[in-house]
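So this block is target_32.cif, mmCIF, C-alpha atoms:
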```
data_query
#
loop_
_atom_site.group_PDB
_atom_site.id
_atom_site.type_symbol
_atom_site.label_atom_id
_atom_site.label_comp_id
_atom_site.auth_asym_id
_atom_site.auth_seq_id
_atom_site.Cartn_x
_atom_site.Cartn_y
_atom_site.Cartn_z
ATOM 1 C CA MET Y 1 6.197 24.388 -27.145
ATOM 2 C CA ALA Y 2 5.590 26.755 -24.218
ATOM 3 C CA LYS Y 3 5.425 25.529 -20.624
ATOM 4 C CA ILE Y 4 3.235 27.093 -17.942
ATOM 5 C CA SER Y 5 2.668 26.510 -14.237
ATOM 6 C CA ILE Y 6 -0.752 26.611 -12.631
ATOM 7 C CA SER Y 7 -2.145 25.935 -9.174
ATOM 8 C CA LEU Y 8 -5.143 23.633 -8.701
ATOM 9 C CA PRO Y 9 -7.165 22.615 -5.663
ATOM 10 C CA ASP Y 10 -6.287 19.071 -4.571
ATOM 11 C CA GLU Y 11 -9.765 17.739 -5.420
ATOM 12 C CA LEU Y 12 -9.580 19.150 -8.961
ATOM 13 C CA LYS Y 13 -6.092 17.686 -9.448
ATOM 14 C CA THR Y 14 -7.379 14.280 -8.318
ATOM 15 C CA ARG Y 15 -10.237 14.486 -10.815
ATOM 16 C CA LEU Y 16 -7.839 15.599 -13.560
ATOM 17 C CA ASP Y 17 -5.499 12.679 -12.898
ATOM 18 C CA ALA Y 18 -8.405 10.219 -12.902
ATOM 19 C CA TYR Y 19 -9.790 11.630 -16.164
ATOM 20 C CA ALA Y 20 -6.402 11.498 -17.889
ATOM 21 C CA GLN Y 21 -5.757 7.939 -16.742
ATOM 22 C CA THR Y 22 -9.228 6.761 -17.779
ATOM 23 C CA HIS Y 23 -8.805 8.270 -21.239
ATOM 24 C CA GLY Y 24 -5.224 7.067 -21.717
ATOM 25 C CA GLN Y 25 -3.755 10.559 -21.864
ATOM 26 C CA SER Y 26 -1.136 12.462 -19.974
ATOM 27 C CA VAL Y 27 -2.307 15.273 -17.725
ATOM 28 C CA SER Y 28 -0.687 17.743 -20.129
ATOM 29 C CA GLU Y 29 -2.616 16.321 -23.122
ATOM 30 C CA THR Y 30 -5.851 16.404 -21.147
ATOM 31 C CA ILE Y 31 -5.366 20.074 -20.210
ATOM 32 C CA GLN Y 32 -4.410 20.972 -23.782
ATOM 33 C CA ASP Y 33 -7.573 19.310 -25.159
ATOM 34 C CA ALA Y 34 -9.770 20.953 -22.511
ATOM 35 C CA LEU Y 35 -8.251 24.399 -23.060
ATOM 36 C CA GLU Y 36 -8.563 24.135 -26.829
ATOM 37 C CA ALA Y 37 -12.194 23.001 -26.538
ATOM 38 C CA PHE Y 38 -12.901 25.882 -24.141
ATOM 39 C CA LEU Y 39 -11.270 28.484 -26.371
ATOM 40 C CA ASN Y 40 -13.073 27.122 -29.469
ATOM 41 C CA GLY Y 41 -16.391 27.139 -27.624
ATOM 42 C CA THR Y 42 -16.849 23.385 -27.888
ATOM 43 C CA THR Y 43 -16.860 20.752 -25.199
ATOM 44 C CA ASN Y 44 -15.498 17.242 -25.269
ATOM 45 C CA GLU Y 45 -17.049 16.080 -22.025
ATOM 46 C CA PRO Y 46 -17.420 12.342 -21.491
ATOM 47 C CA ASP Y 47 -20.904 10.801 -21.531
ATOM 48 C CA THR Y 48 -20.490 9.582 -17.982
ATOM 49 C CA PRO Y 49 -18.687 11.437 -15.222
ATOM 50 C CA VAL Y 50 -15.360 10.027 -14.118
ATOM 51 C CA PRO Y 51 -15.556 8.954 -10.484
ATOM 52 C CA VAL Y 52 -13.044 10.390 -8.062
ATOM 53 C CA PRO Y 53 -10.798 7.543 -6.929
ATOM 54 C CA HIS Y 54 -10.900 6.731 -3.256
ATOM 55 C CA PRO Y 55 -7.776 5.397 -1.588
ATOM 56 C CA THR Y 56 -8.085 1.776 -0.539
ATOM 57 C CA ASP Y 57 -5.443 2.162 2.124
ATOM 58 C CA PRO Y 58 -6.446 4.523 4.917
ATOM 59 C CA SER Y 59 -4.107 7.435 5.337
ATOM 60 C CA ALA Y 60 -1.847 7.806 8.350
ATOM 61 C CA THR Y 61 -4.210 10.480 9.674
ATOM 62 C CA ASP Y 62 -7.179 8.097 9.420
ATOM 63 C CA ARG Y 63 -5.252 5.370 11.242
ATOM 64 C CA GLN Y 64 -4.190 7.833 13.948
ATOM 65 C CA LEU Y 65 -7.775 9.054 14.412
ATOM 66 C CA ALA Y 66 -9.044 5.468 14.582
ATOM 67 C CA LYS Y 67 -6.425 4.672 17.232
ATOM 68 C CA GLN Y 68 -7.420 7.745 19.251
ATOM 69 C CA LEU Y 69 -11.084 6.777 18.964
ATOM 70 C CA HIS Y 70 -10.370 3.268 20.300
ATOM 71 C CA ILE Y 71 -8.339 4.716 23.180
ATOM 72 C CA THR Y 72 -11.207 7.091 24.010
ATOM 73 C CA GLN Y 73 -13.689 4.204 23.884
ATOM 74 C CA ASP Y 74 -11.494 2.156 26.226
ATOM 75 C CA HIS Y 75 -11.240 5.082 28.665
ATOM 76 C CA PHE Y 76 -15.001 5.558 28.572
ATOM 77 C CA LEU Y 77 -15.662 1.852 29.246
ATOM 78 C CA HIS Y 78 -13.145 1.959 32.116
ATOM 79 C CA PHE Y 79 -14.894 5.011 33.555
ATOM 80 C CA LEU Y 80 -18.260 3.276 33.109
ATOM 81 C CA ALA Y 81 -17.035 0.233 35.072
ATOM 82 C CA HIS Y 82 -15.904 2.500 37.945
ATOM 83 C CA TYR Y 83 -19.204 4.368 37.847
ATOM 84 C CA GLU Y 84 -21.098 1.085 38.078
ATOM 85 C CA GLN Y 85 -19.001 -0.071 41.055
ATOM 86 C CA LEU Y 86 -19.645 3.225 42.831
ATOM 87 C CA ARG Y 87 -23.352 3.062 42.036
ATOM 88 C CA ASN Y 88 -23.571 -0.469 43.474
ATOM 89 C CA SER Y 89 -21.715 0.607 46.631
ATOM 90 C CA VAL Y 90 -23.980 3.594 47.205
ATOM 91 C CA ASP Y 91 -27.035 1.420 46.582
ATOM 92 C CA ALA Y 92 -25.823 -1.080 49.195
ATOM 93 C CA LEU Y 93 -25.223 1.735 51.710
ATOM 94 C CA CYS Y 94 -28.737 3.086 51.093
ATOM 95 C CA GLN Y 95 -30.237 -0.353 51.685
ATOM 96 C CA TYR Y 96 -28.192 -0.784 54.885
ATOM 97 C CA ALA Y 97 -29.210 2.665 56.183
ATOM 98 C CA GLN Y 98 -32.858 1.892 55.560
ATOM 99 C CA MET Y 99 -32.758 -1.584 57.137
ATOM 100 C CA ALA Y 100 -30.535 -0.771 60.121
ATOM 101 C CA HIS Y 101 -31.635 2.755 60.951
ATOM 102 C CA GLY Y 102 -34.917 3.307 59.143
ATOM 103 C CA VAL Y 103 -33.376 6.146 57.168
ATOM 104 C CA VAL Y 104 -34.841 6.537 53.702
ATOM 105 C CA ILE Y 105 -32.293 7.759 51.199
ATOM 106 C CA LEU Y 106 -32.833 8.199 47.506
ATOM 107 C CA ARG Y 107 -31.182 5.263 45.815
ATOM 108 C CA PRO Y 108 -28.968 5.732 42.757
ATOM 109 C CA GLN Y 109 -30.414 5.563 39.284
ATOM 110 C CA GLN Y 110 -30.523 2.368 37.289
ATOM 111 C CA PRO Y 111 -27.265 1.153 35.738
ATOM 112 C CA TYR Y 112 -25.970 3.269 32.899
ATOM 113 C CA PRO Y 113 -26.435 1.380 29.616
ATOM 114 C CA THR Y 114 -23.190 0.298 28.002
ATOM 115 C CA PRO Y 115 -22.916 1.852 24.547
ATOM 116 C CA ASN Y 116 -22.505 -0.391 21.531
ATOM 117 C CA PHE Y 117 -19.412 1.061 19.867
ATOM 118 C CA ASN Y 118 -19.623 -1.560 17.103
ATOM 119 C CA SER Y 119 -22.690 0.220 15.725
ATOM 120 C CA LEU Y 120 -20.451 3.234 14.920
ATOM 121 C CA ASP Y 121 -18.458 1.364 12.263
#
```
Full structure transcribed into structure tokens:
Amino acid sequence: MAKISISLPDELKTRLDAYAQTHGQSVSETIQDALEAFLNGTTNEPDTPVPVPHPTDPSATDRQLAKQLHITQDHFLHFLAHYEQLRNSVDALCQYAQMAHGVVILRPQQPYPTPNFNSLD
């Protein structure tokens, strides 16, 4: 029996592996059947498509991105707390200037709403 090497996109290889496993065949048997059906002009497609398996354990990249996202969220909340302290201080100075000296200064905007990061999950 002859052996050949081929290159496949990762997504196609994942689908091939899932199909072979679902049908109790090796990948080699699955490719042989598909190639023979193609060359004979017939198809042996399943009645229902085989779903692409999704990993249950997040990859290292996913975990790293999630960690970076949480760090960014923490930095943003820290910045927001400092912004709010500064806004309160400027507001107090504006009130003092108006009461003590009659100077009217535009007061800072309302507090910045704290985002709900839990809604992103």
- Task: Would you please work out which residue, of Y:Ser7, Y:Leu35, Y:Thr114, Y:Leu106, is nearest to Phe79 in chain Y when using all atoms listed in the file?
- Result: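 Closest to Phe79 in chain Y of all the choices is Y:Thr114.
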- 9 Å contact set for Pro111 in chain Y, all atoms listed in the file, chain neighbours under 4 positions out, as a VMD selection string: chain Y and resid 83 to 84 87 to 88
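Here CA of Lys3 in chain Y stands at a distance of 21.1 Å from CA of Tyr19 in chain Y.
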- Query: Separation of CA of Phe76 in chain Y and CA of Pro115 in chain Y, in Å?
  - Reply: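 So the answer is 9.6 Å.
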- Message: Between CA of Asp91 in chain Y and CA of Gln110 in chain Y, what distance in Å does the model show, to one decimal?
- Response: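 Between these atoms lies a distance of 10.0 Å.
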Hey, what comes out of the PyMOL selection byres ((chain Y and resi 28) around 12) on this file? Could you write it as a compact mmCIF listing (two decimals) with C-alpha atoms, keeping the file's coordinate frame?
```txt
# COMPACT_ATOMS: atom_id res chain seq x y z
CA MET Y 1 6.20 24.39 -27.14
CA ALA Y 2 5.59 26.76 -24.22
CA LYS Y 3 5.42 25.53 -20.62
CA ILE Y 4 3.24 27.09 -17.94
CA SER Y 5 2.67 26.51 -14.24
CA ILE Y 6 -0.75 26.61 -12.63
CA LYS Y 13 -6.09 17.69 -9.45
CA LEU Y 16 -7.84 15.60 -13.56
CA ASP Y 17 -5.50 12.68 -12.90
CA TYR Y 19 -9.79 11.63 -16.16
CA ALA Y 20 -6.40 11.50 -17.89
CA GLN Y 21 -5.76 7.94 -16.74
CA GLY Y 24 -5.22 7.07 -21.72
CA GLN Y 25 -3.76 10.56 -21.86
CA SER Y 26 -1.14 12.46 -19.97
CA VAL Y 27 -2.31 15.27 -17.73
CA GLU Y 29 -2.62 16.32 -23.12
CA THR Y 30 -5.85 16.40 -21.15
CA ILE Y 31 -5.37 20.07 -20.21
CA GLN Y 32 -4.41 20.97 -23.78
CA ASP Y 33 -7.57 19.31 -25.16
CA ALA Y 34 -9.77 20.95 -22.51
CA LEU Y 35 -8.25 24.40 -23.06
```
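Omitting range 94-97 of chain Y and its sequence neighbours fewer than 5 positions away, and counting all atoms listed in the file, the residues within 10 Å are Asn88, Ser89, Gly102, Val103, Val104, Ile105, Leu106, Arg107 and Pro108 of chain Y.
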- Item | Nearest to Gln85 in chain Y, chosen from Y:Asp10, Y:Tyr112, Y:Thr72, Y:Leu65, with all atoms listed in the file counted in the distances | Y:Tyr112
